[in-house]
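Shown below: input-v8.txt, with compact mmCIF, C-alpha atoms.
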```txt
# COMPACT_ATOMS: atom_id res chain seq x y z
CA VAL T 1 76.55 71.42 109.82
CA LEU T 2 79.60 69.28 110.51
CA PHE T 3 81.24 72.05 112.50
CA ASP T 4 78.30 73.88 114.02
CA THR T 5 78.47 75.88 117.21
CA THR T 6 77.79 72.81 119.38
CA GLN T 7 80.75 70.94 117.92
CA LEU T 8 82.95 74.03 118.21
CA ALA T 9 81.82 74.55 121.81
CA LEU T 10 82.64 70.92 122.63
CA GLN T 11 86.03 71.44 121.07
CA GLY T 12 86.40 74.54 123.23
CA VAL T 13 85.54 72.59 126.39
CA ILE T 14 88.05 69.84 125.52
CA SER T 15 90.93 72.19 124.79
CA GLY T 16 89.95 74.59 127.59
CA ALA T 17 89.87 71.75 130.12
CA ALA T 18 93.27 70.59 128.89
CA LYS T 19 94.69 74.07 129.48
CA ARG T 20 93.00 74.27 132.88
CA HIS T 21 94.44 70.90 133.79
CA GLU T 22 97.89 72.29 133.05
CA ALA T 23 97.25 75.24 135.36
CA LEU T 24 95.91 73.04 138.17
CA ALA T 25 98.78 70.56 137.78
CA SER T 26 101.17 73.50 138.05
CA ASN T 27 99.46 74.60 141.27
CA LEU T 28 99.89 71.12 142.72
CA ALA T 29 103.53 70.95 141.60
CA ASN T 30 104.10 74.27 143.39
CA ALA T 31 102.23 73.25 146.56
CA ASN T 32 105.48 73.69 148.53
CA THR T 33 106.79 76.79 146.76
CA PRO T 34 106.85 79.73 149.18
CA GLY T 35 104.72 82.71 148.12
CA TYR T 36 103.36 80.96 145.03
CA GLN T 37 100.13 82.44 143.68
CA ARG T 38 97.78 79.94 142.10
CA VAL T 39 96.89 80.08 138.39
CA ASP T 40 93.63 79.10 136.74
CA VAL T 41 91.97 79.15 133.32
CA ASP T 42 88.48 80.60 133.09
CA PHE T 43 87.41 78.78 129.93
CA HIS T 44 83.79 78.65 131.11
CA GLY T 45 83.57 82.43 131.09
CA GLN T 46 85.25 82.71 127.68
CA LEU T 47 82.98 80.05 126.15
CA ALA T 48 79.86 81.63 127.65
CA ALA T 49 80.85 85.02 126.23
CA ALA T 50 81.47 83.50 122.78
CA MET T 51 78.21 81.53 122.82
CA GLY T 52 76.32 84.71 123.70
CA ARG T 53 77.29 86.40 120.44
CA GLY T 54 74.43 84.94 118.42
CA ALA T 55 75.35 84.83 114.73
CA GLY T 56 79.02 85.56 115.48
CA ALA T 57 79.30 82.66 117.93
CA ALA T 58 80.85 80.21 115.45
CA SER T 59 83.67 82.52 114.41
CA ALA T 60 84.26 83.59 118.02
CA LEU T 61 84.52 79.94 119.07
CA GLU T 62 86.86 79.10 116.22
CA GLY T 63 89.43 81.76 117.06
CA MET T 64 89.41 80.91 120.73
CA SER T 65 92.52 80.32 122.79
CA PHE T 66 92.78 80.02 126.53
CA THR T 67 95.15 81.86 128.81
CA PRO T 68 96.18 80.87 132.31
CA THR T 69 95.83 83.81 134.70
CA ARG T 70 96.95 84.46 138.27
CA ASP T 71 94.10 84.02 140.69
CA THR T 72 94.58 87.25 142.65
CA SER T 73 91.31 86.83 144.53
CA ALA T 74 92.59 83.80 146.43
CA GLY T 75 93.89 84.58 149.89
CA ALA T 76 96.97 82.98 151.40
CA VAL T 77 96.16 79.60 152.91
CA GLN T 78 99.68 78.57 153.89
CA ALA T 79 102.06 80.11 156.37
CA ASP T 80 104.60 80.85 153.59
CA GLY T 81 102.10 83.08 151.74
CA SER T 82 101.20 80.48 149.11
CA THR T 83 97.59 80.52 147.91
CA VAL T 84 97.59 76.82 146.99
CA ASP T 85 95.31 74.56 149.01
CA ALA T 86 96.31 71.06 147.86
CA ASP T 87 92.89 69.62 148.74
CA SER T 88 90.87 72.14 146.77
CA GLU T 89 93.32 71.90 143.85
CA SER T 90 92.89 68.11 143.78
CA ALA T 91 89.12 68.49 143.87
CA LYS T 92 89.19 71.01 141.03
CA LEU T 93 91.51 68.73 139.07
CA ALA T 94 89.17 65.74 139.40
CA GLU T 95 86.15 67.87 138.52
CA ASN T 96 87.93 69.31 135.49
CA ALA T 97 88.95 65.85 134.25
CA LEU T 98 85.37 64.60 134.54
CA GLU T 99 84.08 67.65 132.70
CA GLN T 100 86.54 67.04 129.88
CA GLN T 101 85.54 63.39 129.64
CA ALA T 102 81.85 64.33 129.57
CA ALA T 103 82.53 66.67 126.64
CA VAL T 104 84.53 63.96 124.87
CA GLN T 105 81.65 61.51 125.29
CA VAL T 106 79.13 63.96 123.83
CA ALA T 107 81.50 64.65 120.93
CA ALA T 108 81.90 60.90 120.37
CA ALA T 109 78.10 60.44 120.32
CA ARG T 110 77.73 63.22 117.75
CA ILE T 111 80.39 61.66 115.57
CA ALA T 112 78.64 58.28 115.86
CA ILE T 113 75.37 59.88 114.70
CA LEU T 114 77.12 61.43 111.70
CA LYS T 115 78.74 58.10 110.89
CA SER T 116 75.45 56.22 110.97
CA ALA T 117 73.87 58.90 108.75
CA MET T 118 76.67 58.31 106.28
CA GLY T 119 76.11 54.57 106.52
CA THR T 120 79.64 53.87 107.62
CA ALA T 121 78.92 52.87 111.20
CA MET A 1 99.43 69.02 122.40
CA SER A 2 98.92 70.76 125.67
CA LEU A 3 98.29 67.62 127.72
CA PHE A 4 101.90 66.60 127.25
CA GLY A 5 102.74 69.92 128.88
CA ALA A 6 100.61 68.86 131.82
CA LEU A 7 102.64 65.66 132.12
CA ASP A 8 105.87 67.69 132.16
CA ILE A 9 104.50 69.95 134.89
CA SER A 10 103.51 67.01 137.06
CA ALA A 11 106.89 65.38 136.39
CA SER A 12 108.64 68.53 137.62
CA GLY A 13 106.56 68.24 140.82
CA LEU A 14 107.59 64.60 141.22
CA THR A 15 111.27 65.48 140.82
CA ALA A 16 111.02 68.31 143.35
CA GLU A 17 109.19 66.24 145.96
CA ARG A 18 111.52 63.29 145.52
CA LEU A 19 114.50 65.58 146.12
CA ARG A 20 112.80 66.93 149.27
CA MET A 21 112.39 63.34 150.44
CA ASN A 22 116.06 62.58 149.72
CA VAL A 23 117.25 65.65 151.62
CA THR A 24 114.97 64.85 154.55
CA ALA A 25 116.34 61.31 154.61
CA GLU A 26 119.88 62.72 154.63
CA ASN A 27 118.99 64.96 157.57
CA LEU A 28 117.54 62.03 159.48
CA ALA A 29 120.53 59.82 158.69
CA ASN A 30 122.89 62.52 160.00
CA ALA A 31 120.84 63.45 163.07
CA GLN A 32 123.70 62.28 165.32
CA THR A 33 126.67 63.20 163.12
CA THR A 34 129.11 65.29 165.16
CA ARG A 35 131.82 65.36 162.52
CA GLY A 36 130.70 66.86 159.22
CA ALA A 37 132.83 67.63 156.17
CA ASN A 38 134.25 70.81 157.73
CA GLY A 39 134.89 69.24 161.12
CA GLN A 40 131.74 70.86 162.52
CA PRO A 41 128.58 68.92 163.36
CA TYR A 42 126.22 68.20 160.46
CA ARG A 43 123.96 71.11 159.49
CA ARG A 44 120.37 70.45 158.55
CA LYS A 45 119.71 70.97 154.82
CA GLU A 46 116.57 72.37 153.28
CA VAL A 47 115.29 72.44 149.68
CA ILE A 48 114.12 75.76 148.25
CA LEU A 49 111.53 75.40 145.51
CA SER A 50 110.59 78.05 143.00
CA GLU A 51 108.11 78.36 140.18
CA VAL A 52 109.49 77.83 136.67
CA ALA A 53 109.51 81.11 134.76
CA THR A 54 106.87 80.67 132.10
CA GLY A 55 108.68 80.66 128.81
CA GLY A 56 108.35 79.54 125.25
CA GLY A 57 109.99 76.20 124.71
CA PHE A 58 110.10 74.44 121.37
CA GLY A 59 106.37 74.53 120.57
CA ALA A 60 105.98 78.22 121.32
CA THR A 61 109.12 79.16 119.40
CA LEU A 62 107.93 77.19 116.39
CA ALA A 63 104.45 78.73 116.57
CA SER A 64 105.78 82.29 116.68
CA ALA A 65 108.28 81.50 113.92
CA MET A 66 105.48 80.23 111.72
CA GLY A 67 103.90 83.66 112.14
CA GLY A 68 100.43 82.42 112.92
CA GLY A 69 97.98 85.18 113.78
CA ARG A 70 97.48 83.91 117.29
CA ALA A 71 99.39 85.42 120.15
CA GLN A 72 101.52 82.99 122.11
CA PHE A 73 100.41 82.95 125.69
CA SER A 74 102.52 82.11 128.63
CA ARG A 75 101.85 78.73 130.13
CA PRO A 76 102.41 77.30 133.55
CA GLY A 77 105.84 75.72 133.68
CA GLY A 78 105.79 73.71 136.88
CA VAL A 79 108.29 73.81 139.70
CA GLU A 80 112.08 73.71 139.97
CA VAL A 81 114.63 73.41 142.72
CA ALA A 82 116.17 76.84 143.36
CA GLY A 83 118.77 75.37 145.66
CA ILE A 84 119.59 73.38 148.75
CA VAL A 85 120.49 75.62 151.68
CA GLU A 86 121.82 74.87 155.14
CA ASP A 87 119.78 75.69 158.19
CA ALA A 88 121.75 78.40 160.05
CA SER A 89 120.10 77.79 163.41
CA ASN A 90 122.30 76.95 166.42
CA PHE A 91 123.59 73.48 167.14
CA LYS A 92 122.07 71.66 170.06
CA THR A 93 124.43 71.09 172.97
CA VAL A 94 124.22 67.90 174.93
CA TYR A 95 126.09 67.13 178.17
CA ASP A 96 128.07 63.96 177.50
CA PRO A 97 131.60 64.11 178.99
CA GLY A 98 132.50 60.64 177.68
CA HIS A 99 131.95 61.66 174.06
CA PRO A 100 135.17 62.03 172.03
CA ASP A 101 133.93 65.36 170.62
CA ALA A 102 133.02 66.85 173.99
CA ASP A 103 134.55 70.26 174.90
CA ALA A 104 136.45 71.01 178.13
CA LYS A 105 133.19 71.33 180.11
CA GLY A 106 131.81 68.05 178.80
CA TYR A 107 129.32 69.47 176.30
CA VAL A 108 128.95 68.04 172.78
CA LYS A 109 127.61 70.06 169.85
CA MET A 110 124.95 68.01 168.09
CA PRO A 111 123.45 68.67 164.63
CA ASN A 112 120.52 71.12 164.46
CA VAL A 113 118.28 68.33 163.17
CA ASP A 114 114.92 67.85 164.86
CA THR A 115 113.68 64.38 163.98
CA VAL A 116 110.02 65.34 164.49
CA THR A 117 110.33 68.23 162.01
CA GLU A 118 112.01 65.90 159.55
CA MET A 119 109.22 63.32 159.88
CA VAL A 120 106.60 66.02 159.23
CA ASP A 121 108.57 67.19 156.17
CA LEU A 122 108.77 63.60 154.99
CA ILE A 123 104.98 63.17 155.23
CA SER A 124 104.43 66.49 153.46
CA ALA A 125 106.78 65.53 150.62
CA SER A 126 105.26 62.07 150.25
CA ARG A 127 101.68 63.42 150.13
CA SER A 128 102.65 66.11 147.62
CA TYR A 129 104.31 63.42 145.53
CA GLU A 130 101.05 61.44 145.53
CA ALA A 131 99.09 64.55 144.53
CA ASN A 132 101.36 65.00 141.51
CA VAL A 133 100.97 61.33 140.58
CA THR A 134 97.18 61.75 140.70
CA ALA A 135 97.38 64.82 138.46
CA MET A 136 99.53 62.83 136.05
CA GLN A 137 97.04 59.96 135.97
CA ALA A 138 94.19 62.39 135.31
CA ALA A 139 96.11 63.94 132.41
CA LYS A 140 96.81 60.51 130.98
CA GLN A 141 93.16 59.55 131.24
CA MET A 142 92.00 62.79 129.61
CA PHE A 143 94.45 62.29 126.77
CA THR A 144 93.43 58.66 126.21
CA LYS A 145 89.74 59.53 126.14
CA THR A 146 90.32 62.31 123.63
CA LEU A 147 92.40 59.98 121.50
CA ASP A 148 89.53 57.46 121.55
CA LEU A 149 87.50 59.96 119.50
CA LEU A 150 89.51 58.83 116.48
CA ARG A 151 88.47 55.23 116.77
```
How would this structure read if it were set down as C-alpha cells?
Amino acid sequence: VLFDTTQLALQGVISGAAKRHEALASNLANANTPGYQRVDVDFHGQLAAAMGRGAGAASALEGMSFTPTRDTSAGAVQADGSTVDADSESAKLAENALEQQAAVQVAAARIAILKSAMGTA
Amino acid sequence: MSLFGALDISASGLTAERLRMNVTAENLANAQTTRGANGQPYRRKEVILSEVATGGGFGATLASAMGGGRAQFSRPGGVEVAGIVEDASNFKTVYDPGHPDADAKGYVKMPNVDTVTEMVDLISASRSYEANVTAMQAAKQMFTKTLDLLR
C-alpha cells in the first residue's frame, strides 16, 4: 500500500517533470543556436500508457525512464531555421515547474496521512 | 539527480549569452577603430553557438559501468561556443580628407560595425540571459520543493 500506483505515478510525474525541465532549459540555452531543433519529453503520454495497463500498471510505472526526443513536428520560427520560440519555451517551463510542484504537494499530503496513521506526526 | 543537470544546461546558456554580450560590447567599442591589429580597420566579430553533443558524463559512465538493466539515454547538454568569427562584409568608406588614415582621394575605410545591429544583438543577448536565469530559478525551486518531502 505504501508504494501503490498513485505513489508511483506521482514519482513518475516528479522525475518526468525534472527531465522535461532539462529539455526545456536546453531549448532556452540554445535559443540563439542556428538550425537548432527543440527537444521535449512526453512523460504525460508515457505515464498515461503505463496507467492504462490495469494490473501491470505498478510494474510498468516502476521501470519507467524518460527520454528527451527531438520535436520534429515544430516548424521553424526563426530566420536561422531554429524551432525554438523563447516565449513558448518559457511558458512551457513555468507550466512544467508548477505541475511538478503540484505533484510534490500531493505526495507530501499522502506522506503526512501515512505519518499520522503511524502516530508519528 | 537530473535537476543538477538542468542547472548545468542553464549555466551553459548564461556563459554563451554573456560572451555574446562581451563581443557585442567589443564591436561597439571599436566602431570607429581605423587601425586594427593587422593595420586594417577593425572587423566586426560574431559568436557562433552550437548545441552540445549529448554525451555520457560521469553519471552516465558510472551507471553503464554498474551494469544496471536500464538503457542510458542521451540527455540535453546545453549550448557551447563553437567559435568567434569575423564578419567578412566590406568596410564602410567615409569621405574625410583630414583623417590621418585617409587614402589619396580622401576616403577613410571605417569598420564594418553597424551600431544599430549591435544594439539589437545586445538586447537579444540580454533577454536570452534573463530567460536562462528564469529557467535556473525554476529548477532551483523544483529541487527545493522536492527536497522538502524529506522534512
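Take CA of Gly63 in chain T and CA of Gln100 in chain T: the distance between them is 19.7 Å.
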Considering only C-alpha atoms, extract the chain A residues located within 9 Å of chain T and return them as a PyMOL selection string. chain A and resi 2-3+5-7+9-14+16-17+48-51+70-71+73-80+124-125+128-129+131-132+134-136+138-139+141-143+145-146+148-150
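For the atom pair formed by CA of Met118 in chain T and CA of Gly56 in chain T, the distance is 28.9 Å, given to one decimal.
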Calculate how many Å separate CA of Asp85 in chain T from CA of Ile84 in chain A, rounding to one decimal. 24.3 Å
Please check which residues have atoms at most 10 Å from (111.2, 68.2, 158.5) in the file's coordinates, counting all atoms listed in the file, and write them as a count of residues only. 23
With a distance cut-off of 9 Å and only C-alpha atoms, select the neighbouring residues of range 107-109 of chain A, excluding the residue or stretch itself and same-chain residues fewer than 2 positions from it, and output the selection as number ranges by chain. A: 34, 40-41, 91-97, 99-105, 111-112
Which one is closest to Leu8 in chain T: T:Ile113, T:Met51, T:Ala79, T:Val84? Count only C-alpha atoms. T:Met51
Using the structure block above, produce a file of range 65-98 of chain T that contains N, CA, C and O atoms, as a PDB file, in the first residue's frame.
```
ATOM      1  N   SER T  65      11.532   5.116 -17.423  1.00  0.00           N
ATOM      2  CA  SER T  65      12.523   6.179 -17.533  1.00  0.00           C
ATOM      3  C   SER T  65      12.134   7.055 -18.718  1.00  0.00           C
ATOM      4  O   SER T  65      11.500   6.588 -19.655  1.00  0.00           O
ATOM      5  N   PHE T  66      12.523   8.300 -18.657  1.00  0.00           N
ATOM      6  CA  PHE T  66      12.043   9.258 -19.641  1.00  0.00           C
ATOM      7  C   PHE T  66      13.159   9.698 -20.581  1.00  0.00           C
ATOM      8  O   PHE T  66      14.276   9.940 -20.141  1.00  0.00           O
ATOM      9  N   THR T  67      12.802   9.778 -21.855  1.00  0.00           N
ATOM     10  CA  THR T  67      13.797  10.113 -22.867  1.00  0.00           C
ATOM     11  C   THR T  67      13.441  11.429 -23.537  1.00  0.00           C
ATOM     12  O   THR T  67      12.318  11.604 -23.993  1.00  0.00           O
ATOM     13  N   PRO T  68      14.405  12.337 -23.639  1.00  0.00           N
ATOM     14  CA  PRO T  68      14.153  13.532 -24.428  1.00  0.00           C
ATOM     15  C   PRO T  68      14.180  13.192 -25.921  1.00  0.00           C
ATOM     16  O   PRO T  68      15.029  12.417 -26.362  1.00  0.00           O
ATOM     17  N   THR T  69      13.223  13.715 -26.664  1.00  0.00           N
ATOM     18  CA  THR T  69      13.174  13.448 -28.105  1.00  0.00           C
ATOM     19  C   THR T  69      13.128  14.768 -28.875  1.00  0.00           C
ATOM     20  O   THR T  69      12.663  15.775 -28.365  1.00  0.00           O
ATOM     21  N   ARG T  70      13.595  14.733 -30.102  1.00  0.00           N
ATOM     22  CA  ARG T  70      13.513  15.893 -30.989  1.00  0.00           C
ATOM     23  C   ARG T  70      12.051  16.112 -31.366  1.00  0.00           C
ATOM     24  O   ARG T  70      11.363  15.170 -31.735  1.00  0.00           O
ATOM     25  N   ASP T  71      11.622  17.333 -31.268  1.00  0.00           N
ATOM     26  CA  ASP T  71      10.260  17.667 -31.654  1.00  0.00           C
ATOM     27  C   ASP T  71      10.268  18.006 -33.142  1.00  0.00           C
ATOM     28  O   ASP T  71      10.477  19.142 -33.544  1.00  0.00           O
ATOM     29  N   THR T  72      10.056  16.965 -33.969  1.00  0.00           N
ATOM     30  CA  THR T  72      10.162  17.172 -35.423  1.00  0.00           C
ATOM     31  C   THR T  72       8.916  17.846 -35.994  1.00  0.00           C
ATOM     32  O   THR T  72       8.929  18.314 -37.125  1.00  0.00           O
ATOM     33  N   SER T  73       7.845  17.878 -35.191  1.00  0.00           N
ATOM     34  CA  SER T  73       6.607  18.470 -35.705  1.00  0.00           C
ATOM     35  C   SER T  73       6.674  19.996 -35.701  1.00  0.00           C
ATOM     36  O   SER T  73       5.939  20.661 -36.437  1.00  0.00           O
ATOM     37  N   ALA T  74       7.571  20.553 -34.866  1.00  0.00           N
ATOM     38  CA  ALA T  74       7.643  22.004 -34.758  1.00  0.00           C
ATOM     39  C   ALA T  74       8.265  22.609 -36.013  1.00  0.00           C
ATOM     40  O   ALA T  74       9.291  22.127 -36.486  1.00  0.00           O
ATOM     41  N   GLY T  75       7.635  23.619 -36.543  1.00  0.00           N
ATOM     42  CA  GLY T  75       8.179  24.301 -37.707  1.00  0.00           C
ATOM     43  C   GLY T  75       9.160  25.376 -37.285  1.00  0.00           C
ATOM     44  O   GLY T  75       9.194  25.773 -36.134  1.00  0.00           O
ATOM     45  N   ALA T  76       9.996  25.810 -38.230  1.00  0.00           N
ATOM     46  CA  ALA T  76      10.964  26.851 -37.922  1.00  0.00           C
ATOM     47  C   ALA T  76      10.243  28.154 -37.594  1.00  0.00           C
ATOM     48  O   ALA T  76       9.331  28.555 -38.295  1.00  0.00           O
ATOM     49  N   VAL T  77      10.651  28.778 -36.491  1.00  0.00           N
ATOM     50  CA  VAL T  77      10.051  30.053 -36.112  1.00  0.00           C
ATOM     51  C   VAL T  77      11.073  31.183 -36.145  1.00  0.00           C
ATOM     52  O   VAL T  77      10.740  32.327 -35.927  1.00  0.00           O
ATOM     53  N   GLN T  78      12.339  30.839 -36.421  1.00  0.00           N
ATOM     54  CA  GLN T  78      13.358  31.880 -36.516  1.00  0.00           C
ATOM     55  C   GLN T  78      13.982  31.846 -37.905  1.00  0.00           C
ATOM     56  O   GLN T  78      13.966  30.812 -38.577  1.00  0.00           O
ATOM     57  N   ALA T  79      14.540  32.973 -38.293  1.00  0.00           N
ATOM     58  CA  ALA T  79      15.101  33.084 -39.637  1.00  0.00           C
ATOM     59  C   ALA T  79      16.254  32.109 -39.857  1.00  0.00           C
ATOM     60  O   ALA T  79      16.509  31.671 -40.977  1.00  0.00           O
ATOM     61  N   ASP T  80      16.957  31.708 -38.772  1.00  0.00           N
ATOM     62  CA  ASP T  80      18.104  30.800 -38.919  1.00  0.00           C
ATOM     63  C   ASP T  80      17.691  29.330 -38.924  1.00  0.00           C
ATOM     64  O   ASP T  80      18.542  28.447 -38.830  1.00  0.00           O
ATOM     65  N   GLY T  81      16.381  29.050 -39.004  1.00  0.00           N
ATOM     66  CA  GLY T  81      15.912  27.668 -39.082  1.00  0.00           C
ATOM     67  C   GLY T  81      15.659  27.033 -37.729  1.00  0.00           C
ATOM     68  O   GLY T  81      15.224  25.886 -37.653  1.00  0.00           O
ATOM     69  N   SER T  82      15.926  27.752 -36.647  1.00  0.00           N
ATOM     70  CA  SER T  82      15.702  27.208 -35.311  1.00  0.00           C
ATOM     71  C   SER T  82      14.201  27.083 -35.032  1.00  0.00           C
ATOM     72  O   SER T  82      13.409  27.911 -35.469  1.00  0.00           O
ATOM     73  N   THR T  83      13.825  26.021 -34.311  1.00  0.00           N
ATOM     74  CA  THR T  83      12.410  25.828 -33.991  1.00  0.00           C
ATOM     75  C   THR T  83      12.095  26.253 -32.558  1.00  0.00           C
ATOM     76  O   THR T  83      11.065  25.887 -32.017  1.00  0.00           O
ATOM     77  N   VAL T  84      13.007  27.030 -31.953  1.00  0.00           N
ATOM     78  CA  VAL T  84      12.792  27.478 -30.575  1.00  0.00           C
ATOM     79  C   VAL T  84      12.119  28.852 -30.563  1.00  0.00           C
ATOM     80  O   VAL T  84      12.640  29.811 -31.113  1.00  0.00           O
ATOM     81  N   ASP T  85      10.936  28.898 -29.945  1.00  0.00           N
ATOM     82  CA  ASP T  85      10.279  30.172 -29.685  1.00  0.00           C
ATOM     83  C   ASP T  85      10.452  30.444 -28.194  1.00  0.00           C
ATOM     84  O   ASP T  85       9.846  29.760 -27.370  1.00  0.00           O
ATOM     85  N   ALA T  86      11.301  31.419 -27.865  1.00  0.00           N
ATOM     86  CA  ALA T  86      11.675  31.642 -26.460  1.00  0.00           C
ATOM     87  C   ALA T  86      10.446  31.867 -25.580  1.00  0.00           C
ATOM     88  O   ALA T  86      10.411  31.411 -24.439  1.00  0.00           O
ATOM     89  N   ASP T  87       9.425  32.537 -26.114  1.00  0.00           N
ATOM     90  CA  ASP T  87       8.230  32.808 -25.310  1.00  0.00           C
ATOM     91  C   ASP T  87       7.489  31.528 -24.971  1.00  0.00           C
ATOM     92  O   ASP T  87       7.117  31.307 -23.822  1.00  0.00           O
ATOM     93  N   SER T  88       7.278  30.682 -25.967  1.00  0.00           N
ATOM     94  CA  SER T  88       6.524  29.459 -25.697  1.00  0.00           C
ATOM     95  C   SER T  88       7.342  28.496 -24.842  1.00  0.00           C
ATOM     96  O   SER T  88       6.782  27.763 -24.022  1.00  0.00           O
ATOM     97  N   GLU T  89       8.675  28.535 -24.994  1.00  0.00           N
ATOM     98  CA  GLU T  89       9.515  27.687 -24.135  1.00  0.00           C
ATOM     99  C   GLU T  89       9.414  28.142 -22.678  1.00  0.00           C
ATOM    100  O   GLU T  89       9.322  27.316 -21.767  1.00  0.00           O
ATOM    101  N   SER T  90       9.431  29.468 -22.461  1.00  0.00           N
ATOM    102  CA  SER T  90       9.319  29.987 -21.091  1.00  0.00           C
ATOM    103  C   SER T  90       7.978  29.614 -20.490  1.00  0.00           C
ATOM    104  O   SER T  90       7.892  29.248 -19.310  1.00  0.00           O
ATOM    105  N   ALA T  91       6.921  29.707 -21.299  1.00  0.00           N
ATOM    106  CA  ALA T  91       5.585  29.359 -20.807  1.00  0.00           C
ATOM    107  C   ALA T  91       5.525  27.882 -20.423  1.00  0.00           C
ATOM    108  O   ALA T  91       5.006  27.525 -19.361  1.00  0.00           O
ATOM    109  N   LYS T  92       6.095  27.039 -21.286  1.00  0.00           N
ATOM    110  CA  LYS T  92       6.099  25.593 -21.011  1.00  0.00           C
ATOM    111  C   LYS T  92       6.905  25.303 -19.754  1.00  0.00           C
ATOM    112  O   LYS T  92       6.546  24.444 -18.948  1.00  0.00           O
ATOM    113  N   LEU T  93       8.017  26.030 -19.601  1.00  0.00           N
ATOM    114  CA  LEU T  93       8.880  25.837 -18.444  1.00  0.00           C
ATOM    115  C   LEU T  93       8.141  26.165 -17.147  1.00  0.00           C
ATOM    116  O   LEU T  93       8.188  25.394 -16.179  1.00  0.00           O
ATOM    117  N   ALA T  94       7.432  27.288 -17.138  1.00  0.00           N
ATOM    118  CA  ALA T  94       6.691  27.703 -15.950  1.00  0.00           C
ATOM    119  C   ALA T  94       5.582  26.701 -15.642  1.00  0.00           C
ATOM    120  O   ALA T  94       5.384  26.303 -14.485  1.00  0.00           O
ATOM    121  N   GLU T  95       4.888  26.274 -16.690  1.00  0.00           N
ATOM    122  CA  GLU T  95       3.798  25.309 -16.532  1.00  0.00           C
ATOM    123  C   GLU T  95       4.331  23.994 -15.968  1.00  0.00           C
ATOM    124  O   GLU T  95       3.753  23.411 -15.036  1.00  0.00           O
ATOM    125  N   ASN T  96       5.462  23.557 -16.511  1.00  0.00           N
ATOM    126  CA  ASN T  96       6.075  22.301 -16.081  1.00  0.00           C
ATOM    127  C   ASN T  96       6.508  22.373 -14.613  1.00  0.00           C
ATOM    128  O   ASN T  96       6.302  21.425 -13.852  1.00  0.00           O
ATOM    129  N   ALA T  97       7.063  23.521 -14.212  1.00  0.00           N
ATOM    130  CA  ALA T  97       7.510  23.679 -12.825  1.00  0.00           C
ATOM    131  C   ALA T  97       6.314  23.627 -11.878  1.00  0.00           C
ATOM    132  O   ALA T  97       6.373  22.994 -10.817  1.00  0.00           O
ATOM    133  N   LEU T  98       5.210  24.272 -12.269  1.00  0.00           N
ATOM    134  CA  LEU T  98       4.008  24.252 -11.436  1.00  0.00           C
ATOM    135  C   LEU T  98       3.460  22.836 -11.313  1.00  0.00           C
ATOM    136  O   LEU T  98       3.036  22.417 -10.236  1.00  0.00           O
TER     137      LEU T  98
END
```
